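K.L.:
This one is query08.pdb, PDB, C-alpha atoms.
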```
ATOM      1  CA  MET T   1     -14.212  11.457   7.140
ATOM      2  CA  THR T   2     -13.569  15.188   7.188
ATOM      3  CA  ASP T   3     -13.959  17.586   4.294
ATOM      4  CA  THR T   4     -10.203  17.902   4.025
ATOM      5  CA  MET T   5      -9.621  14.181   3.482
ATOM      6  CA  PRO T   6      -9.850  12.919  -0.104
ATOM      7  CA  SER T   7     -12.162   9.950  -0.652
ATOM      8  CA  THR T   8      -9.248   8.031  -2.184
ATOM      9  CA  GLN T   9      -5.829   8.162  -0.568
ATOM     10  CA  LEU T  10      -2.328   7.144  -1.554
ATOM     11  CA  TYR T  11      -0.538   4.055  -0.309
ATOM     12  CA  LEU T  12       3.144   4.616  -1.072
ATOM     13  CA  ILE T  13       5.306   1.566  -1.775
ATOM     14  CA  SER T  14       9.050   1.924  -1.367
ATOM     15  CA  PRO T  15      11.553   1.253  -4.119
ATOM     16  CA  LEU T  16      13.770  -1.759  -3.487
ATOM     17  CA  ASP T  17      16.681   0.553  -2.599
ATOM     18  CA  VAL T  18      15.850   2.699   0.419
ATOM     19  CA  SER T  19      19.433   3.606   1.306
ATOM     20  CA  GLY T  20      21.269   6.873   0.638
ATOM     21  CA  ASP T  21      19.014   9.905   0.379
ATOM     22  CA  PHE T  22      15.769   7.931   0.340
ATOM     23  CA  PRO T  23      14.676   8.999   3.855
ATOM     24  CA  ALA T  24      14.841  12.637   2.728
ATOM     25  CA  ARG T  25      12.845  11.783  -0.401
ATOM     26  CA  LEU T  26      10.195  10.072   1.725
ATOM     27  CA  GLU T  27       9.926  13.163   3.931
ATOM     28  CA  ARG T  28       9.464  15.381   0.872
ATOM     29  CA  ALA T  29       6.832  13.064  -0.607
ATOM     30  CA  LEU T  30       4.787  12.870   2.586
ATOM     31  CA  ASP T  31       4.999  16.612   3.176
ATOM     32  CA  ALA T  32       3.925  17.373  -0.405
ATOM     33  CA  GLY T  33       0.434  16.052   0.233
ATOM     34  CA  PRO T  34      -0.587  16.185   3.888
ATOM     35  CA  GLY T  35      -3.486  13.821   4.487
ATOM     36  CA  LEU T  36      -3.183  12.302   1.013
ATOM     37  CA  VAL T  37      -0.612   9.590   1.810
ATOM     38  CA  THR T  38      -1.925   7.491   4.685
ATOM     39  CA  ALA T  39       0.263   4.389   4.408
ATOM     40  CA  PHE T  40       3.820   3.516   3.414
ATOM     41  CA  GLN T  41       4.901  -0.017   2.564
ATOM     42  CA  PHE T  42       8.502  -1.014   3.306
ATOM     43  CA  ARG T  43       9.392  -3.369   0.445
ATOM     44  CA  VAL T  44      12.980  -4.592   0.300
ATOM     45  CA  LYS T  45      14.234  -7.905  -1.042
ATOM     46  CA  GLY T  46      17.258 -10.139  -0.616
ATOM     47  CA  ILE T  47      18.686  -8.710   2.612
ATOM     48  CA  ASP T  48      18.769 -10.154   6.111
ATOM     49  CA  GLN T  49      16.424  -9.038   8.841
ATOM     50  CA  HIS T  50      19.106  -7.107  10.733
ATOM     51  CA  GLU T  51      19.975  -4.988   7.675
ATOM     52  CA  ALA T  52      16.302  -4.532   6.852
ATOM     53  CA  ALA T  53      15.612  -3.313  10.387
ATOM     54  CA  ALA T  54      18.440  -0.779  10.160
ATOM     55  CA  LEU T  55      17.084   0.572   6.881
ATOM     56  CA  ALA T  56      13.551   0.664   8.248
ATOM     57  CA  GLU T  57      14.325   2.631  11.419
ATOM     58  CA  PRO T  58      14.580   6.169   9.955
ATOM     59  CA  LEU T  59      11.679   5.553   7.568
ATOM     60  CA  GLN T  60       9.482   4.316  10.384
ATOM     61  CA  ALA T  61      10.244   7.442  12.407
ATOM     62  CA  ILE T  62       9.382   9.691   9.442
ATOM     63  CA  CYS T  63       6.044   7.919   9.014
ATOM     64  CA  ALA T  64       5.235   7.996  12.729
ATOM     65  CA  ALA T  65       5.859  11.741  12.910
ATOM     66  CA  ARG T  66       3.279  12.257  10.147
ATOM     67  CA  ASP T  67       0.699   9.711  11.286
ATOM     68  CA  VAL T  68       1.347   7.536   8.225
ATOM     69  CA  ALA T  69       0.965   3.776   8.746
ATOM     70  CA  PHE T  70       4.234   1.858   8.315
ATOM     71  CA  ILE T  71       3.474  -1.489   6.669
ATOM     72  CA  VAL T  72       6.031  -4.255   6.073
ATOM     73  CA  ASN T  73       5.797  -6.204   2.823
ATOM     74  CA  ASP T  74       5.596 -10.006   2.938
ATOM     75  CA  ASP T  75       7.390 -10.583   6.257
ATOM     76  CA  ILE T  76       5.382 -11.148   9.438
ATOM     77  CA  ALA T  77       8.539 -11.747  11.512
ATOM     78  CA  LEU T  78      10.115  -8.467  10.399
ATOM     79  CA  ALA T  79       6.866  -6.600  11.039
ATOM     80  CA  LYS T  80       6.821  -8.031  14.556
ATOM     81  CA  ARG T  81      10.468  -7.152  15.177
ATOM     82  CA  LEU T  82       9.894  -3.561  14.041
ATOM     83  CA  ARG T  83       6.564  -3.268  15.853
ATOM     84  CA  ALA T  84       5.308  -2.015  12.508
ATOM     85  CA  ASP T  85       1.763  -0.815  12.069
ATOM     86  CA  GLY T  86       1.027  -3.823   9.911
ATOM     87  CA  VAL T  87       2.017  -6.284   7.225
ATOM     88  CA  HIS T  88       1.023  -6.842   3.619
ATOM     89  CA  LEU T  89       0.791 -10.479   2.548
ATOM     90  CA  GLY T  90       0.969 -11.920  -0.929
ATOM     91  CA  GLN T  91      -0.916 -15.125  -1.586
ATOM     92  CA  GLY T  92       2.146 -17.174  -0.620
ATOM     93  CA  ASP T  93       3.330 -15.116   2.337
ATOM     94  CA  GLY T  94       1.274 -16.474   5.196
ATOM     95  CA  ASP T  95      -2.220 -16.469   6.644
ATOM     96  CA  PRO T  96      -3.897 -13.286   7.933
ATOM     97  CA  ARG T  97      -4.974 -15.252  11.029
ATOM     98  CA  ASP T  98      -1.347 -16.072  11.835
ATOM     99  CA  ALA T  99      -0.334 -12.453  11.225
ATOM    100  CA  ARG T 100      -3.098 -11.289  13.568
ATOM    101  CA  GLU T 101      -1.967 -13.703  16.266
ATOM    102  CA  GLN T 102       1.634 -12.529  16.027
ATOM    103  CA  LEU T 103       1.098  -8.800  15.473
ATOM    104  CA  GLY T 104      -1.933  -8.162  17.628
ATOM    105  CA  ARG T 105      -5.421  -6.804  17.301
ATOM    106  CA  GLU T 106      -4.395  -3.297  16.228
ATOM    107  CA  ALA T 107      -2.173  -4.365  13.310
ATOM    108  CA  GLN T 108      -3.216  -3.464   9.780
ATOM    109  CA  ILE T 109      -3.161  -6.630   7.681
ATOM    110  CA  GLY T 110      -3.510  -6.462   3.931
ATOM    111  CA  VAL T 111      -3.722  -9.258   1.378
ATOM    112  CA  THR T 112      -2.971  -9.302  -2.350
ATOM    113  CA  CYS T 113      -6.013 -10.726  -4.129
ATOM    114  CA  HIS T 114      -5.031 -10.121  -7.779
ATOM    115  CA  ALA T 115      -8.254 -10.032  -9.806
ATOM    116  CA  SER T 116     -10.261 -12.437  -7.652
ATOM    117  CA  ARG T 117     -13.461 -11.733  -5.733
ATOM    118  CA  HIS T 118     -13.096 -15.164  -4.167
ATOM    119  CA  LEU T 119      -9.602 -14.514  -2.781
ATOM    120  CA  ALA T 120     -10.735 -11.117  -1.495
ATOM    121  CA  LEU T 121     -13.777 -12.526   0.282
ATOM    122  CA  GLU T 122     -11.590 -15.266   1.795
ATOM    123  CA  ALA T 123      -9.112 -12.636   2.999
ATOM    124  CA  GLY T 124     -11.920 -10.691   4.601
ATOM    125  CA  GLU T 125     -13.199 -13.791   6.369
ATOM    126  CA  ALA T 126      -9.649 -14.458   7.616
ATOM    127  CA  GLY T 127      -9.542 -11.043   9.241
ATOM    128  CA  ALA T 128      -7.744  -8.862   6.694
ATOM    129  CA  ASP T 129      -8.126  -5.100   7.146
ATOM    130  CA  TYR T 130      -7.884  -4.375   3.423
ATOM    131  CA  VAL T 131      -7.540  -6.203   0.120
ATOM    132  CA  ALA T 132      -5.391  -5.236  -2.861
ATOM    133  CA  PHE T 133      -6.531  -5.734  -6.451
ATOM    134  CA  GLY T 134      -4.367  -5.488  -9.559
ATOM    135  CA  ALA T 135      -2.497  -4.999 -11.663
ATOM    136  CA  PHE T 136      -4.702  -2.448 -13.384
ATOM    137  CA  PHE T 137      -1.940  -1.270 -15.729
ATOM    138  CA  PRO T 138       1.483  -2.568 -16.809
ATOM    139  CA  SER T 139       3.956  -2.006 -13.982
ATOM    140  CA  THR T 140       7.651  -1.147 -14.045
ATOM    141  CA  THR T 141       8.002  -2.104 -10.365
ATOM    142  CA  LYS T 142       7.245  -5.812 -10.610
ATOM    143  CA  ASP T 143       6.126  -8.407 -13.123
ATOM    144  CA  THR T 144       2.347  -8.675 -13.302
ATOM    145  CA  GLU T 145       0.651 -11.883 -14.338
ATOM    146  CA  HIS T 146      -2.835 -10.854 -13.199
ATOM    147  CA  ARG T 147      -4.859  -8.038 -14.715
ATOM    148  CA  ALA T 148      -7.821  -6.607 -12.832
ATOM    149  CA  GLU T 149     -10.789  -4.725 -14.309
ATOM    150  CA  LEU T 150     -12.583  -1.615 -13.087
ATOM    151  CA  ALA T 151     -15.766  -3.641 -12.696
ATOM    152  CA  LEU T 152     -14.144  -5.566  -9.834
ATOM    153  CA  LEU T 153     -13.482  -2.352  -7.904
ATOM    154  CA  GLU T 154     -17.013  -1.124  -8.598
ATOM    155  CA  TRP T 155     -18.559  -4.373  -7.382
ATOM    156  CA  TRP T 156     -16.374  -4.485  -4.281
ATOM    157  CA  SER T 157     -17.075  -0.881  -3.261
ATOM    158  CA  GLU T 158     -20.833  -1.442  -3.633
ATOM    159  CA  MET T 159     -21.062  -4.843  -1.963
ATOM    160  CA  VAL T 160     -18.289  -5.010   0.667
ATOM    161  CA  GLU T 161     -17.246  -2.560   3.392
ATOM    162  CA  LEU T 162     -13.632  -3.754   3.587
ATOM    163  CA  PRO T 163     -11.309  -1.131   2.030
ATOM    164  CA  SER T 164      -9.738  -1.844  -1.349
ATOM    165  CA  VAL T 165      -6.326  -0.914  -2.678
ATOM    166  CA  ALA T 166      -5.746  -0.630  -6.428
ATOM    167  CA  ILE T 167      -2.220  -1.480  -7.547
ATOM    168  CA  GLY T 168      -0.155  -1.814 -10.685
ATOM    169  CA  GLY T 169       1.233   0.880 -12.961
ATOM    170  CA  ILE T 170      -0.886   3.668 -11.487
ATOM    171  CA  THR T 171       0.064   7.233 -12.469
ATOM    172  CA  PRO T 172      -1.554  10.651 -12.118
ATOM    173  CA  ASP T 173      -2.631  10.368 -15.768
ATOM    174  CA  ASN T 174      -4.510   7.066 -15.417
ATOM    175  CA  CYS T 175      -5.754   7.070 -11.823
ATOM    176  CA  GLY T 176      -9.062   8.907 -12.362
ATOM    177  CA  PRO T 177     -11.142   5.870 -13.400
ATOM    178  CA  LEU T 178      -9.867   3.904 -10.364
ATOM    179  CA  VAL T 179     -11.007   6.677  -8.035
ATOM    180  CA  GLU T 180     -14.385   6.835  -9.760
ATOM    181  CA  ALA T 181     -14.712   3.037  -9.513
ATOM    182  CA  GLY T 182     -14.439   3.252  -5.724
ATOM    183  CA  ALA T 183     -10.825   2.404  -4.855
ATOM    184  CA  ASP T 184     -10.162   3.465  -1.275
ATOM    185  CA  PHE T 185      -6.422   3.598  -1.826
ATOM    186  CA  LEU T 186      -4.069   3.806  -4.802
ATOM    187  CA  ALA T 187      -0.806   1.917  -4.285
ATOM    188  CA  VAL T 188       1.933   3.795  -6.109
ATOM    189  CA  SER T 189       5.674   3.326  -6.393
ATOM    190  CA  GLY T 190       7.415   3.986  -9.702
ATOM    191  CA  ALA T 191       5.158   6.929 -10.559
ATOM    192  CA  VAL T 192       6.556   8.697  -7.477
ATOM    193  CA  TRP T 193      10.113   7.414  -7.066
ATOM    194  CA  ASN T 194      11.196   7.291 -10.716
ATOM    195  CA  GLY T 195      11.122  11.085 -10.917
ATOM    196  CA  ASP T 196      10.415  14.160  -8.797
ATOM    197  CA  GLU T 197       8.491  12.806  -5.808
ATOM    198  CA  VAL T 198       7.043  16.194  -4.815
ATOM    199  CA  ALA T 199       5.707  16.909  -8.313
ATOM    200  CA  ALA T 200       4.265  13.384  -8.493
ATOM    201  CA  ILE T 201       2.388  13.628  -5.190
ATOM    202  CA  LYS T 202       0.980  17.034  -6.157
ATOM    203  CA  ALA T 203      -0.093  15.650  -9.533
ATOM    204  CA  PHE T 204      -1.909  12.771  -7.825
ATOM    205  CA  ALA T 205      -3.609  15.250  -5.488
ATOM    206  CA  GLU T 206      -4.872  17.278  -8.449
ATOM    207  CA  GLN T 207      -6.288  14.214 -10.169
ATOM    208  CA  ILE T 208      -7.851  12.610  -7.104
ATOM    209  CA  ALA T 209      -9.734  15.717  -5.954
ATOM    210  CA  PRO T 210     -11.932  16.175  -9.045
ATOM    211  CA  ALA T 211     -12.363  12.433  -9.674
TER     212      ALA T 211
END
```
Please render this file's structure as structure tokens.
P.N.:
Amino acid sequence: MTDTMPSTQLYLISPLDVSGDFPARLERALDAGPGLVTAFQFRVKGIDQHEAAALAEPLQAICAARDVAFIVNDDIALAKRLRADGVHLGQGDGDPRDAREQLGREAQIGVTCHASRHLALEAGEAGADYVAFGAFFPSTTKDTEHRAELALLEWWSEMVELPSVAIGGITPDNCGPLVEAGADFLAVSGAVWNGDEVAAIKAFAEQIAPA
């Protein structure tokens, strides 16, 4: 960890529509905070794998040029087809062991663990590279039935070495306590894409540094 790297980094999650000018928006967002965004999750729904791969191609190139990990949401087969840097699995999207077997030793495998220490410890035992906790706040991106508490992040950061991702309704205005609680990454989507992505990334950078 160098002095220039913040202790908490951003994990950008795509909007469902990544067509049109979205590649240019992604470039602007990544360039607004060099070293702050270290992962990008490709999250599209309801399209076939061929169309998804076509949409992913320019985004993957943008991430690769900036040393940002390109992670596919929910779909091990698509991650394998794209030779993505990794896959993020919900609780019903497959086993980390299977993902590891298909994607290889170097793949980054993340698992949604809601508000559960038990699920997170199980994910770690199954070989996950990080666990995601949330939602910490109401989210406009997806319905949230689980609500996580800061105490979970604090406990995890003290007791377990596996990196944690905080998710759910995170904005520059409310992220400070998550950083202080020990979140390694903040997963953000609507707070960036629902407005000016450059201003949003810079606002996150300002809040993360002092926290």
K.L.:
Determine the axis-aligned bounding box of all atoms of stretch 119-136 of chain T present in the file, pad each side by 3 Å, and express its centre and edge lengths in Å to one decimal place as JSON.
P.N.:
```
{"center_x": -8.1, "center_y": -8.9, "center_z": -2.1, "size_x": 17.3, "size_y": 18.8, "size_z": 28.6}
```
K.L.:
Using the chain letters and residue numbers of this document, give as a PyMOL selection string the residues selected by the PyMOL selection byres ((chain T and resi 145) around 12).
P.N.:
chain T and resi 114-115+134-139+142-144+146-148+168
K.L.:
Name every residue that the PyMOL selection byres ((chain T and resi 40-45) around 7) selects in this structure, writing the answer as a list of chain:residue names with chains first and numbers rising.
P.N.:
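Written out, the selection comes to T:Tyr11, T:Leu12, T:Ile13, T:Ser14, T:Pro15, T:Leu16, T:Asp17, T:Ala39, T:Gly46, T:Ile47, T:Val68, T:Ala69, T:Phe70, T:Ile71, T:Val72, T:Asn73.
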K.L.:
Export C-alpha atoms of the chosen residues as a PDB file, in the frame of the given file?
P.N.:
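part-v9.pdb written:
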```pdb
ATOM      1  CA  TYR T  11      -0.538   4.055  -0.309  1.00  0.00           C
ATOM      2  CA  LEU T  12       3.144   4.616  -1.072  1.00  0.00           C
ATOM      3  CA  ILE T  13       5.306   1.566  -1.775  1.00  0.00           C
ATOM      4  CA  SER T  14       9.050   1.924  -1.367  1.00  0.00           C
ATOM      5  CA  PRO T  15      11.553   1.253  -4.119  1.00  0.00           C
ATOM      6  CA  LEU T  16      13.770  -1.759  -3.487  1.00  0.00           C
ATOM      7  CA  ASP T  17      16.681   0.553  -2.599  1.00  0.00           C
ATOM      8  CA  ALA T  39       0.263   4.389   4.408  1.00  0.00           C
ATOM      9  CA  GLY T  46      17.258 -10.139  -0.616  1.00  0.00           C
ATOM     10  CA  ILE T  47      18.686  -8.710   2.612  1.00  0.00           C
ATOM     11  CA  VAL T  68       1.347   7.536   8.225  1.00  0.00           C
ATOM     12  CA  ALA T  69       0.965   3.776   8.746  1.00  0.00           C
ATOM     13  CA  PHE T  70       4.234   1.858   8.315  1.00  0.00           C
ATOM     14  CA  ILE T  71       3.474  -1.489   6.669  1.00  0.00           C
ATOM     15  CA  VAL T  72       6.031  -4.255   6.073  1.00  0.00           C
ATOM     16  CA  ASN T  73       5.797  -6.204   2.823  1.00  0.00           C
TER      17      ASN T  73
END
```
K.L.:
Using the chain letters and residue numbers of this document, give as a ChimeraX atom specification the residues selected by the PyMOL selection byres ((chain T and resi 191) around 9).
P.N.:
/T:169-172,188-190,192-195,197,200
K.L.:
Choose the residue, out of T:Leu36, T:Ala52, T:Ile76, T:Leu26, that has the smallest atom-to-atom separation from T:Phe204; count all atoms listed in the file.
P.N.:
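Smallest distance to T:Phe204 is found for T:Leu36.
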K.L.:
Residues of stretch 81-124 of chain T within 10 Å of stretch 55-64 of chain T: nearest atom pair and distance (Å, one decimal) for each, counting all atoms listed in the file, sorted by chain and number, as a tab-separated table?
P.N.:
```
residue	atom	partner	partner_atom	distance
T:Leu82	CA	T:Ala56	CA	8.0
T:Arg83	CA	T:Gln60	CA	9.8
T:Ala84	CA	T:Gln60	CA	7.9
T:Asp85	CA	T:Gln60	CA	9.4
```
K.L.:
Could you pull the residues within 12 Å of T:Ala203, counting all atoms listed in the file, minus those fewer than 2 positions along the same chain, as a list in words?
P.N.:
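The residues satisfying every condition are Leu10, Ala29, Ala32, Gly33, Leu36, Thr171, Pro172, Asp173, Asn174, Cys175, Gly176, Ala191, Val192, Asp196, Glu197, Val198, Ala199, Ala200, Ile201, Ala205, Glu206, Gln207, Ile208, Ala209 and Pro210 of chain T.
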K.L.:
Applying 9 Å and all atoms listed in the file, which residues near T:Pro96 remain after dropping the ones on its own chain fewer than 4 positions away? List them as a list in words.
P.N.:
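The residues satisfying every condition are Leu89, Arg100, Glu101, Ile109, Gly110, Val111, Ala123, Ala126, Gly127 and Ala128 of chain T.
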K.L.:
Model the absent atoms of stretch 15-26 of chain T so that all heavy atoms are present, and write the result as a compact mmCIF listing (two decimals), keeping the file's coordinate frame.
P.N.:
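And here's result_20.txt as it stands now:
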```
# COMPACT_ATOMS: atom_id res chain seq x y z
N PRO T 15 10.71 1.94 -3.14
CA PRO T 15 11.55 1.25 -4.12
C PRO T 15 12.35 0.18 -3.39
O PRO T 15 12.37 0.15 -2.15
CB PRO T 15 12.46 2.37 -4.64
CG PRO T 15 12.54 3.34 -3.52
CD PRO T 15 11.20 3.28 -2.82
N LEU T 16 13.00 -0.69 -4.14
CA LEU T 16 13.77 -1.76 -3.49
C LEU T 16 15.00 -1.20 -2.76
O LEU T 16 15.45 -1.77 -1.77
CB LEU T 16 14.20 -2.80 -4.51
CG LEU T 16 13.07 -3.62 -5.13
CD1 LEU T 16 13.60 -4.55 -6.21
CD2 LEU T 16 12.33 -4.42 -4.05
N ASP T 17 15.52 -0.08 -3.24
CA ASP T 17 16.68 0.55 -2.60
C ASP T 17 16.22 1.74 -1.78
O ASP T 17 15.80 2.76 -2.33
CB ASP T 17 17.69 1.00 -3.67
CG ASP T 17 18.95 1.60 -3.06
OD1 ASP T 17 19.07 1.63 -1.81
OD2 ASP T 17 19.83 2.04 -3.83
N VAL T 18 16.28 1.61 -0.46
CA VAL T 18 15.85 2.70 0.42
C VAL T 18 17.03 3.28 1.20
O VAL T 18 16.86 3.90 2.24
CB VAL T 18 14.74 2.23 1.39
CG1 VAL T 18 13.49 1.87 0.64
CG2 VAL T 18 15.22 1.05 2.24
N SER T 19 18.23 3.08 0.66
CA SER T 19 19.43 3.61 1.31
C SER T 19 19.70 5.03 0.80
O SER T 19 18.87 5.64 0.12
CB SER T 19 20.62 2.69 1.02
OG SER T 19 20.85 2.61 -0.39
N GLY T 20 20.87 5.56 1.14
CA GLY T 20 21.27 6.87 0.64
C GLY T 20 20.32 7.98 1.06
O GLY T 20 20.02 8.13 2.25
N ASP T 21 19.86 8.75 0.06
CA ASP T 21 19.01 9.90 0.38
C ASP T 21 17.53 9.56 0.41
O ASP T 21 16.69 10.47 0.47
CB ASP T 21 19.26 11.04 -0.63
CG ASP T 21 18.73 10.72 -2.02
OD1 ASP T 21 18.45 9.52 -2.32
OD2 ASP T 21 18.59 11.66 -2.83
N PHE T 22 17.19 8.26 0.41
CA PHE T 22 15.77 7.93 0.34
C PHE T 22 14.97 8.47 1.53
O PHE T 22 13.84 8.95 1.32
CB PHE T 22 15.53 6.42 0.18
CG PHE T 22 14.06 6.12 0.05
CD1 PHE T 22 13.38 6.39 -1.12
CD2 PHE T 22 13.34 5.63 1.14
CE1 PHE T 22 12.01 6.18 -1.23
CE2 PHE T 22 11.98 5.41 1.04
CZ PHE T 22 11.31 5.69 -0.14
N PRO T 23 15.47 8.42 2.76
CA PRO T 23 14.68 9.00 3.86
C PRO T 23 14.26 10.45 3.59
O PRO T 23 13.12 10.84 3.85
CB PRO T 23 15.60 8.87 5.07
CG PRO T 23 16.43 7.66 4.77
CD PRO T 23 16.69 7.74 3.29
N ALA T 24 15.18 11.25 3.04
CA ALA T 24 14.84 12.64 2.73
C ALA T 24 13.77 12.70 1.64
O ALA T 24 12.88 13.56 1.68
CB ALA T 24 16.10 13.39 2.30
N ARG T 25 13.86 11.82 0.66
CA ARG T 25 12.84 11.78 -0.40
C ARG T 25 11.49 11.41 0.17
O ARG T 25 10.45 11.96 -0.23
CB ARG T 25 13.24 10.78 -1.49
CG ARG T 25 14.49 11.14 -2.26
CD ARG T 25 14.65 10.24 -3.48
NE ARG T 25 13.64 10.56 -4.49
CZ ARG T 25 13.36 9.79 -5.54
NH1 ARG T 25 13.99 8.62 -5.69
NH2 ARG T 25 12.44 10.15 -6.40
N LEU T 26 11.47 10.46 1.11
CA LEU T 26 10.20 10.07 1.72
C LEU T 26 9.59 11.26 2.48
O LEU T 26 8.38 11.51 2.38
CB LEU T 26 10.41 8.88 2.66
CG LEU T 26 9.17 8.42 3.42
CD1 LEU T 26 8.07 7.96 2.46
CD2 LEU T 26 9.52 7.29 4.39
```
